[in-house]
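Printed here is structure22.cif (mmCIF, C-alpha atoms):
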```cif
data_target
loop_
_atom_site.label_atom_id
_atom_site.label_comp_id
_atom_site.auth_asym_id
_atom_site.auth_seq_id
_atom_site.Cartn_x
_atom_site.Cartn_y
_atom_site.Cartn_z
CA MET A 1 31.88 -3.54 11.02
CA LYS A 2 28.40 -3.95 9.58
CA ILE A 3 25.78 -2.05 11.55
CA GLU A 4 22.06 -2.85 11.41
CA ASN A 5 20.80 0.60 10.48
CA GLU A 6 21.79 4.28 10.61
CA ASP A 7 20.08 5.26 13.85
CA TRP A 8 23.50 5.57 15.50
CA LEU A 9 24.42 8.25 12.96
CA ASP A 10 21.11 10.07 13.46
CA GLU A 11 21.81 10.18 17.20
CA ILE A 12 25.00 12.23 16.79
CA ASN A 13 24.66 15.92 17.58
CA TRP A 14 26.36 17.28 14.50
CA ASN A 15 27.37 20.94 14.73
CA ASP A 16 26.09 23.69 12.42
CA GLU A 17 28.54 22.56 9.78
CA GLY A 18 27.41 18.94 10.09
CA LEU A 19 30.62 17.94 11.85
CA VAL A 20 31.75 16.35 15.08
CA PRO A 21 35.25 16.39 16.63
CA ALA A 22 36.95 12.99 16.60
CA ILE A 23 39.82 12.08 18.90
CA ALA A 24 42.16 9.28 17.82
CA GLN A 25 43.94 7.38 20.58
CA ASP A 26 46.69 4.85 20.00
CA VAL A 27 45.65 1.34 21.06
CA ASP A 28 49.16 0.28 22.07
CA THR A 29 50.42 3.26 24.08
CA GLY A 30 47.13 4.92 25.02
CA LYS A 31 48.53 8.21 23.76
CA VAL A 32 46.20 10.74 22.17
CA LEU A 33 47.37 11.08 18.58
CA THR A 34 45.13 13.56 16.79
CA LEU A 35 41.96 15.57 16.90
CA ALA A 36 40.23 15.82 13.55
CA TRP A 37 36.68 16.34 12.31
CA MET A 38 34.11 14.00 10.81
CA ASN A 39 30.90 14.48 8.91
CA ARG A 40 28.26 11.76 8.69
CA GLU A 41 29.88 10.09 5.71
CA ALA A 42 33.33 10.08 7.34
CA LEU A 43 32.04 8.46 10.51
CA LYS A 44 29.99 5.92 8.58
CA LYS A 45 33.01 5.03 6.44
CA SER A 46 35.33 4.81 9.46
CA ALA A 47 32.98 2.28 11.02
CA SER A 48 32.20 0.24 7.93
CA GLU A 49 35.76 0.04 6.61
CA ASN A 50 37.60 0.06 9.97
CA LYS A 51 39.93 2.76 8.70
CA ALA A 52 39.76 6.32 10.03
CA THR A 53 38.27 8.76 7.54
CA TYR A 54 37.87 12.44 8.34
CA TRP A 55 36.45 15.60 6.83
CA SER A 56 39.13 18.08 5.91
CA ARG A 57 37.81 21.53 6.79
CA SER A 58 40.61 23.26 4.88
CA ARG A 59 40.16 21.21 1.69
CA GLN A 60 36.42 20.65 2.20
CA LYS A 61 36.60 16.98 1.32
CA LEU A 62 36.75 13.51 2.81
CA TRP A 63 40.19 12.12 3.47
CA THR A 64 41.05 8.67 4.59
CA LYS A 65 43.98 9.05 6.94
CA GLY A 66 47.10 7.62 5.31
CA GLU A 67 45.90 7.84 1.72
CA GLN A 68 48.99 9.87 0.87
CA SER A 69 51.38 9.07 3.71
CA GLY A 70 50.56 5.39 4.13
CA HIS A 71 50.02 6.14 7.82
CA SER A 72 46.52 4.76 8.13
CA GLN A 73 44.63 4.43 11.38
CA LEU A 74 42.99 1.03 11.74
CA VAL A 75 39.88 1.40 13.85
CA ARG A 76 39.62 -0.90 16.84
CA GLU A 77 36.88 0.84 18.77
CA ILE A 78 34.50 3.76 18.27
CA ARG A 79 32.97 5.60 21.21
CA VAL A 80 30.76 8.63 21.65
CA ASP A 81 30.42 10.88 24.67
CA CYS A 82 27.38 11.52 26.89
CA ASP A 83 26.22 14.50 24.83
CA LYS A 84 26.85 12.62 21.61
CA ASP A 85 28.81 15.56 20.24
CA ALA A 86 32.33 14.11 20.36
CA VAL A 87 33.74 10.83 19.07
CA LEU A 88 36.68 8.77 20.29
CA LEU A 89 38.45 6.28 18.04
CA VAL A 90 40.89 3.78 19.44
CA VAL A 91 43.22 3.01 16.55
CA GLN A 92 46.25 1.11 15.48
CA GLN A 93 48.53 3.74 13.96
CA GLU A 94 50.27 2.33 10.90
CA GLY A 95 53.91 3.32 10.57
CA GLY A 96 53.96 4.74 14.09
CA ILE A 97 53.50 8.26 12.72
CA ALA A 98 50.20 10.12 13.05
CA CYS A 99 51.37 13.69 12.40
CA HIS A 100 52.10 15.32 9.05
CA THR A 101 55.26 16.75 10.65
CA GLY A 102 56.64 13.19 10.82
CA ARG A 103 56.14 12.86 14.55
CA PHE A 104 54.40 10.06 16.40
CA ARG A 105 51.46 12.29 17.18
CA CYS A 106 50.16 15.82 16.71
CA PHE A 107 50.25 16.66 20.42
CA TYR A 108 54.02 17.06 20.55
CA SER A 109 54.08 20.55 22.10
CA GLN A 110 53.90 20.88 25.85
CA LEU A 111 53.38 24.01 27.90
CA ASP A 112 56.14 25.09 30.26
CA THR A 113 56.95 28.34 32.01
CA SER A 114 58.29 29.87 28.80
CA GLY A 115 55.45 28.75 26.51
CA TRP A 116 54.94 25.83 24.10
CA LYS A 117 57.93 23.55 23.82
CA THR A 118 58.39 20.71 21.31
CA VAL A 119 58.97 17.56 23.35
CA GLU A 120 58.73 14.80 20.73
CA PRO A 121 61.15 14.15 17.86
CA VAL A 122 60.57 13.97 14.13
CA ILE A 123 60.72 10.27 13.29
CA LYS A 124 60.69 10.66 9.53
CA ASP A 125 61.23 13.72 7.32
CA PRO A 126 57.82 14.78 5.94
CA GLN A 127 59.39 15.22 2.49
CA GLU A 128 60.28 11.54 2.59
CA ILE A 129 56.82 10.57 3.80
CA TYR A 130 54.94 12.40 1.09
CA LYS A 131 57.45 11.86 -1.70
CA SER A 132 57.24 8.11 -1.32
CA LYS A 133 53.51 8.08 -1.95
CA ALA A 134 53.24 10.91 -4.47
CA MET B 135 52.22 27.25 36.67
CA LYS B 136 53.44 30.78 36.14
CA ILE B 137 54.16 31.53 32.49
CA GLU B 138 56.42 34.37 31.33
CA ASN B 139 53.98 36.09 29.00
CA GLU B 140 50.82 35.42 26.97
CA ASP B 141 52.42 34.60 23.62
CA TRP B 142 51.38 30.95 24.07
CA LEU B 143 47.74 32.07 24.20
CA ASP B 144 48.15 34.30 21.15
CA GLU B 145 49.52 31.30 19.24
CA ILE B 146 46.31 29.28 19.62
CA ASN B 147 44.07 29.18 16.56
CA TRP B 148 40.80 30.01 18.28
CA ASN B 149 37.70 29.27 16.19
CA ASP B 150 35.14 31.88 15.10
CA GLU B 151 33.60 31.75 18.55
CA GLY B 152 36.99 32.22 20.23
CA LEU B 153 37.07 28.60 21.39
CA VAL B 154 39.28 25.56 21.11
CA PRO B 155 38.35 21.92 21.84
CA ALA B 156 40.10 20.51 24.91
CA ILE B 157 40.54 16.80 25.52
CA ALA B 158 41.03 15.63 29.11
CA GLN B 159 42.95 12.38 29.59
CA ASP B 160 43.29 10.58 32.92
CA VAL B 161 46.89 10.51 34.14
CA ASP B 162 46.53 7.16 35.91
CA THR B 163 44.68 5.03 33.37
CA GLY B 164 45.40 6.95 30.15
CA LYS B 165 41.69 6.88 29.37
CA VAL B 166 40.13 9.80 27.53
CA LEU B 167 37.64 11.31 29.94
CA THR B 168 35.97 14.28 28.29
CA LEU B 169 35.99 16.67 25.39
CA ALA B 170 35.02 20.20 26.36
CA TRP B 171 35.69 23.71 25.07
CA MET B 172 37.92 26.50 26.27
CA ASN B 173 38.15 30.18 25.53
CA ARG B 174 41.30 32.18 26.19
CA GLU B 175 40.39 32.86 29.80
CA ALA B 176 39.58 29.20 30.50
CA LEU B 177 42.89 28.00 29.11
CA LYS B 178 44.82 30.68 30.95
CA LYS B 179 43.08 29.81 34.22
CA SER B 180 43.59 26.06 33.70
CA ALA B 181 47.33 26.69 33.34
CA SER B 182 47.75 29.22 36.12
CA GLU B 183 45.63 27.41 38.70
CA ASN B 184 46.35 23.83 37.61
CA LYS B 185 42.64 23.04 37.68
CA ALA B 186 40.69 22.45 34.47
CA THR B 187 38.38 25.31 33.60
CA TYR B 188 36.18 25.25 30.51
CA TRP B 189 33.77 27.47 28.63
CA SER B 190 30.23 26.18 28.78
CA ARG B 191 28.67 26.74 25.37
CA SER B 192 25.17 25.99 26.67
CA ARG B 193 25.41 28.33 29.67
CA GLN B 194 27.80 30.77 27.96
CA LYS B 195 30.04 31.04 30.99
CA LEU B 196 33.29 29.80 32.48
CA TRP B 197 33.03 26.73 34.64
CA THR B 198 35.75 25.18 36.69
CA LYS B 199 35.22 21.45 36.46
CA GLY B 200 34.09 20.13 39.83
CA GLU B 201 32.77 23.42 41.20
CA GLN B 202 29.41 21.75 41.83
CA SER B 203 30.24 18.05 41.83
CA GLY B 204 33.58 18.21 43.63
CA HIS B 205 35.01 16.21 40.73
CA SER B 206 37.83 18.57 39.80
CA GLN B 207 40.48 17.82 37.23
CA LEU B 208 43.96 18.65 38.49
CA VAL B 209 46.12 19.61 35.54
CA ARG B 210 49.37 17.71 35.21
CA GLU B 211 50.28 18.56 31.65
CA ILE B 212 48.95 20.81 28.87
CA ARG B 213 49.67 20.09 25.22
CA VAL B 214 48.64 21.60 21.91
CA ASP B 215 48.54 19.96 18.50
CA CYS B 216 50.51 20.78 15.35
CA ASP B 217 47.84 23.15 14.02
CA LYS B 218 47.43 24.74 17.45
CA ASP B 219 43.68 24.30 17.24
CA ALA B 220 43.20 21.52 19.79
CA VAL B 221 44.37 21.18 23.38
CA LEU B 222 45.13 18.07 25.42
CA LEU B 223 45.11 18.12 29.22
CA VAL B 224 46.51 15.25 31.21
CA VAL B 225 44.64 15.39 34.49
CA GLN B 226 44.15 13.74 37.81
CA GLN B 227 40.41 13.15 38.03
CA GLU B 228 39.19 13.82 41.57
CA GLY B 229 36.61 11.34 42.85
CA GLY B 230 37.21 9.06 39.87
CA ILE B 231 34.13 10.47 38.12
CA ALA B 232 34.41 12.81 35.14
CA CYS B 233 30.90 12.51 33.71
CA HIS B 234 27.75 14.26 34.94
CA THR B 235 25.97 10.90 34.57
CA GLY B 236 28.07 9.59 37.47
CA ARG B 237 30.33 7.47 35.27
CA PHE B 238 34.12 7.44 35.23
CA ARG B 239 34.16 9.22 31.90
CA CYS B 240 31.91 10.67 29.22
CA PHE B 241 33.00 8.17 26.54
CA TYR B 242 31.00 5.29 27.99
CA SER B 243 29.10 4.38 24.81
CA GLN B 244 30.70 2.06 22.32
CA LEU B 245 29.59 1.23 18.81
CA ASP B 246 28.63 -2.34 18.04
CA THR B 247 26.64 -3.97 15.25
CA SER B 248 23.35 -2.77 16.74
CA GLY B 249 24.42 0.82 17.48
CA TRP B 250 25.69 2.65 20.57
CA LYS B 251 25.88 0.50 23.66
CA THR B 252 26.60 1.68 27.21
CA VAL B 253 29.66 -0.24 28.39
CA GLU B 254 30.59 1.55 31.61
CA PRO B 255 28.60 1.60 34.85
CA VAL B 256 27.24 4.50 36.88
CA ILE B 257 29.55 4.76 39.88
CA LYS B 258 27.50 7.30 41.79
CA ASP B 259 23.92 8.50 41.31
CA PRO B 260 24.03 12.00 39.81
CA GLN B 261 21.35 13.12 42.27
CA GLU B 262 23.75 12.24 45.07
CA ILE B 263 26.67 13.96 43.35
CA TYR B 264 24.87 17.26 42.85
CA LYS B 265 22.82 17.20 46.04
CA SER B 266 25.90 16.94 48.20
CA LYS B 267 27.38 20.14 46.79
CA ALA B 268 24.20 22.20 46.31
#
```
Whole structure given in structure tokens:
Amino acid sequence: MKIENEDWLDEINWNDEGLVPAIAQDVDTGKVLTLAWMNREALKKSASENKATYWSRSRQKLWTKGEQSGHSQLVREIRVDCDKDAVLLVVQQEGGIACHTGRFRCFYSQLDTSGWKTVEPVIKDPQEIYKSKA
Amino acid sequence: MKIENEDWLDEINWNDEGLVPAIAQDVDTGKVLTLAWMNREALKKSASENKATYWSRSRQKLWTKGEQSGHSQLVREIRVDCDKDAVLLVVQQEGGIACHTGRFRCFYSQLDTSGWKTVEPVIKDPQEIYKSKA
């Protein structure tokens, strides 16, 4: 998407590190896939290229989701909340796998009376996912 | 829900401020309602009382969603992501209004070629919402 100017980026309430949390939601199932972080450049790129790009806090660099795994997130819609300090992306999840563990999504652990329980299966072995694109 | 012990809370990767971002998703529509923050006590209370409780960073105190507005979030499911640094609550949104602006949800602004555009209506005047519970 081509946007007139960068006012929309100026309006975001970036945190002290210049970041904002970004939720990705699957367009087909409505399931929440991931929560990652974006800086200004990541959000701008996600909008202009229609492909989710985040800021990796651990590696301190931009990463376009799927650049290694092939599991890109095609951006269908970008929203911001009332305080303009959280972003929501509605995405088409390529390959049906959003999580680096090879599961559909990162939110695969559910709380029950004994603690966190894994409730979603591994669809593809991570070694296969990352080997194939190495 | 009564949980055996507090290991599940110890497993969370709280940030430097002792917080974790918490996404609330509507159980009926699947829509993402809010992103707020929880400390250990807020998450524990949300699980034990089945009512979403957050940590207000601006007021530096616990707040049970709906305590003023009546618009509580009844917790149906609690999930955590693969890195255990983000929480997802599936909730029943009381009153059908999650946002303090009187809208269904906080993510009511969508990006288009001219910037952020409000795409969801005010359901109830905020002055009415907060007056009625003052």
Distance filter 6 Å, all atoms listed in the file, chain B against chain A, as a ChimeraX atom specification: /B:136-138,142,164,212-216,240-241,243-245,247-249
Writer output for current selection, C-alpha atoms, as a PDB file, in the coordinates of the input:
```
ATOM      1  CA  LYS B 136      53.440  30.780  36.140  1.00  0.00           C
ATOM      2  CA  ILE B 137      54.160  31.530  32.490  1.00  0.00           C
ATOM      3  CA  GLU B 138      56.420  34.370  31.330  1.00  0.00           C
ATOM      4  CA  TRP B 142      51.380  30.950  24.070  1.00  0.00           C
ATOM      5  CA  GLY B 164      45.400   6.950  30.150  1.00  0.00           C
ATOM      6  CA  ILE B 212      48.950  20.810  28.870  1.00  0.00           C
ATOM      7  CA  ARG B 213      49.670  20.090  25.220  1.00  0.00           C
ATOM      8  CA  VAL B 214      48.640  21.600  21.910  1.00  0.00           C
ATOM      9  CA  ASP B 215      48.540  19.960  18.500  1.00  0.00           C
ATOM     10  CA  CYS B 216      50.510  20.780  15.350  1.00  0.00           C
ATOM     11  CA  CYS B 240      31.910  10.670  29.220  1.00  0.00           C
ATOM     12  CA  PHE B 241      33.000   8.170  26.540  1.00  0.00           C
ATOM     13  CA  SER B 243      29.100   4.380  24.810  1.00  0.00           C
ATOM     14  CA  GLN B 244      30.700   2.060  22.320  1.00  0.00           C
ATOM     15  CA  LEU B 245      29.590   1.230  18.810  1.00  0.00           C
ATOM     16  CA  THR B 247      26.640  -3.970  15.250  1.00  0.00           C
ATOM     17  CA  SER B 248      23.350  -2.770  16.740  1.00  0.00           C
ATOM     18  CA  GLY B 249      24.420   0.820  17.480  1.00  0.00           C
TER      19      GLY B 249
END
```
Selection: 7 Å around His71 in chain A, all atoms listed in the file, excl. self and same-chain fewer than 6 positions, as a VMD selection string: chain A and resid 65 93 to 95 97 to 98
Kindly export the residues of the current selection with C-alpha atoms, as an mmCIF file, in the coordinates of the input.
```cif
data_model
loop_
_atom_site.group_PDB
_atom_site.id
_atom_site.type_symbol
_atom_site.label_atom_id
_atom_site.label_comp_id
_atom_site.auth_asym_id
_atom_site.auth_seq_id
_atom_site.Cartn_x
_atom_site.Cartn_y
_atom_site.Cartn_z
ATOM 1 C CA LYS A 65 43.980 9.050 6.940
ATOM 2 C CA GLN A 93 48.530 3.740 13.960
ATOM 3 C CA GLU A 94 50.270 2.330 10.900
ATOM 4 C CA GLY A 95 53.910 3.320 10.570
ATOM 5 C CA ILE A 97 53.500 8.260 12.720
ATOM 6 C CA ALA A 98 50.200 10.120 13.050
#
```
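Interatomic distance, CA of Ser203 in chain B against CA of Asp160 in chain B: 17.5 Å.
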Please superimpose chain A on chain B using every C-alpha atom, paired by order, in a least-squares fit, and write the moved chain as a CSV table (one decimal) with C-alpha atoms, in the frame of the given file.
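out-v6.csv, written as the output of this step:
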```
chain,number,residue,atom,x,y,z
A,1,MET,CA,52.2,27.2,36.7
A,2,LYS,CA,53.4,30.8,36.1
A,3,ILE,CA,54.2,31.5,32.5
A,4,GLU,CA,56.4,34.4,31.3
A,5,ASN,CA,54.0,36.1,29.0
A,6,GLU,CA,50.8,35.4,27.0
A,7,ASP,CA,52.4,34.6,23.6
A,8,TRP,CA,51.4,31.0,24.1
A,9,LEU,CA,47.7,32.1,24.2
A,10,ASP,CA,48.1,34.3,21.2
A,11,GLU,CA,49.5,31.3,19.2
A,12,ILE,CA,46.3,29.3,19.6
A,13,ASN,CA,44.1,29.2,16.6
A,14,TRP,CA,40.8,30.0,18.3
A,15,ASN,CA,37.7,29.3,16.2
A,16,ASP,CA,35.1,31.9,15.1
A,17,GLU,CA,33.6,31.7,18.6
A,18,GLY,CA,37.0,32.2,20.2
A,19,LEU,CA,37.1,28.6,21.4
A,20,VAL,CA,39.3,25.6,21.1
A,21,PRO,CA,38.4,21.9,21.8
A,22,ALA,CA,40.1,20.5,24.9
A,23,ILE,CA,40.5,16.8,25.5
A,24,ALA,CA,41.0,15.6,29.1
A,25,GLN,CA,42.9,12.4,29.6
A,26,ASP,CA,43.3,10.6,32.9
A,27,VAL,CA,46.9,10.5,34.1
A,28,ASP,CA,46.6,7.2,35.9
A,29,THR,CA,44.7,5.0,33.4
A,30,GLY,CA,45.4,6.9,30.2
A,31,LYS,CA,41.7,6.9,29.4
A,32,VAL,CA,40.1,9.8,27.5
A,33,LEU,CA,37.6,11.3,29.9
A,34,THR,CA,36.0,14.3,28.3
A,35,LEU,CA,36.0,16.7,25.4
A,36,ALA,CA,35.0,20.2,26.4
A,37,TRP,CA,35.7,23.7,25.1
A,38,MET,CA,37.9,26.5,26.3
A,39,ASN,CA,38.2,30.2,25.5
A,40,ARG,CA,41.3,32.2,26.2
A,41,GLU,CA,40.4,32.9,29.8
A,42,ALA,CA,39.6,29.2,30.5
A,43,LEU,CA,42.9,28.0,29.1
A,44,LYS,CA,44.8,30.7,30.9
A,45,LYS,CA,43.1,29.8,34.2
A,46,SER,CA,43.6,26.1,33.7
A,47,ALA,CA,47.3,26.7,33.3
A,48,SER,CA,47.8,29.2,36.1
A,49,GLU,CA,45.6,27.4,38.7
A,50,ASN,CA,46.4,23.8,37.6
A,51,LYS,CA,42.6,23.0,37.7
A,52,ALA,CA,40.7,22.4,34.5
A,53,THR,CA,38.4,25.3,33.6
A,54,TYR,CA,36.2,25.3,30.5
A,55,TRP,CA,33.8,27.5,28.6
A,56,SER,CA,30.2,26.2,28.8
A,57,ARG,CA,28.7,26.7,25.4
A,58,SER,CA,25.2,26.0,26.7
A,59,ARG,CA,25.4,28.3,29.7
A,60,GLN,CA,27.8,30.8,28.0
A,61,LYS,CA,30.0,31.1,31.0
A,62,LEU,CA,33.3,29.8,32.5
A,63,TRP,CA,33.0,26.7,34.7
A,64,THR,CA,35.8,25.2,36.7
A,65,LYS,CA,35.2,21.4,36.5
A,66,GLY,CA,34.1,20.1,39.8
A,67,GLU,CA,32.8,23.4,41.2
A,68,GLN,CA,29.4,21.7,41.8
A,69,SER,CA,30.2,18.0,41.8
A,70,GLY,CA,33.6,18.2,43.6
A,71,HIS,CA,35.0,16.2,40.7
A,72,SER,CA,37.8,18.6,39.8
A,73,GLN,CA,40.5,17.8,37.2
A,74,LEU,CA,44.0,18.6,38.5
A,75,VAL,CA,46.1,19.6,35.5
A,76,ARG,CA,49.4,17.7,35.2
A,77,GLU,CA,50.3,18.6,31.6
A,78,ILE,CA,48.9,20.8,28.9
A,79,ARG,CA,49.7,20.1,25.2
A,80,VAL,CA,48.6,21.6,21.9
A,81,ASP,CA,48.5,20.0,18.5
A,82,CYS,CA,50.5,20.8,15.3
A,83,ASP,CA,47.8,23.2,14.0
A,84,LYS,CA,47.4,24.7,17.4
A,85,ASP,CA,43.7,24.3,17.2
A,86,ALA,CA,43.2,21.5,19.8
A,87,VAL,CA,44.4,21.2,23.4
A,88,LEU,CA,45.1,18.1,25.4
A,89,LEU,CA,45.1,18.1,29.2
A,90,VAL,CA,46.5,15.3,31.2
A,91,VAL,CA,44.6,15.4,34.5
A,92,GLN,CA,44.2,13.7,37.8
A,93,GLN,CA,40.4,13.2,38.0
A,94,GLU,CA,39.2,13.8,41.6
A,95,GLY,CA,36.6,11.4,42.8
A,96,GLY,CA,37.2,9.1,39.9
A,97,ILE,CA,34.1,10.5,38.1
A,98,ALA,CA,34.4,12.8,35.1
A,99,CYS,CA,30.9,12.5,33.7
A,100,HIS,CA,27.8,14.3,34.9
A,101,THR,CA,26.0,10.9,34.6
A,102,GLY,CA,28.1,9.6,37.5
A,103,ARG,CA,30.3,7.5,35.3
A,104,PHE,CA,34.1,7.4,35.2
A,105,ARG,CA,34.2,9.2,31.9
A,106,CYS,CA,31.9,10.7,29.2
A,107,PHE,CA,33.0,8.2,26.6
A,108,TYR,CA,31.0,5.3,28.0
A,109,SER,CA,29.1,4.4,24.8
A,110,GLN,CA,30.7,2.1,22.3
A,111,LEU,CA,29.6,1.2,18.8
A,112,ASP,CA,28.6,-2.3,18.0
A,113,THR,CA,26.6,-4.0,15.3
A,114,SER,CA,23.3,-2.8,16.8
A,115,GLY,CA,24.4,0.8,17.5
A,116,TRP,CA,25.7,2.7,20.6
A,117,LYS,CA,25.9,0.5,23.7
A,118,THR,CA,26.6,1.7,27.2
A,119,VAL,CA,29.7,-0.2,28.4
A,120,GLU,CA,30.6,1.5,31.6
A,121,PRO,CA,28.6,1.6,34.9
A,122,VAL,CA,27.2,4.5,36.9
A,123,ILE,CA,29.6,4.8,39.9
A,124,LYS,CA,27.5,7.3,41.8
A,125,ASP,CA,23.9,8.5,41.3
A,126,PRO,CA,24.0,12.0,39.8
A,127,GLN,CA,21.4,13.1,42.3
A,128,GLU,CA,23.7,12.2,45.1
A,129,ILE,CA,26.6,14.0,43.4
A,130,TYR,CA,24.9,17.3,42.8
A,131,LYS,CA,22.8,17.2,46.0
A,132,SER,CA,25.9,16.9,48.2
A,133,LYS,CA,27.3,20.1,46.8
A,134,ALA,CA,24.1,22.1,46.3
```
Using all atoms listed in the file, which of the listed residues (A:Arg40, A:Val91, A:Asp16, A:Ile129) sits closest to Glu67 in chain A? A:Ile129
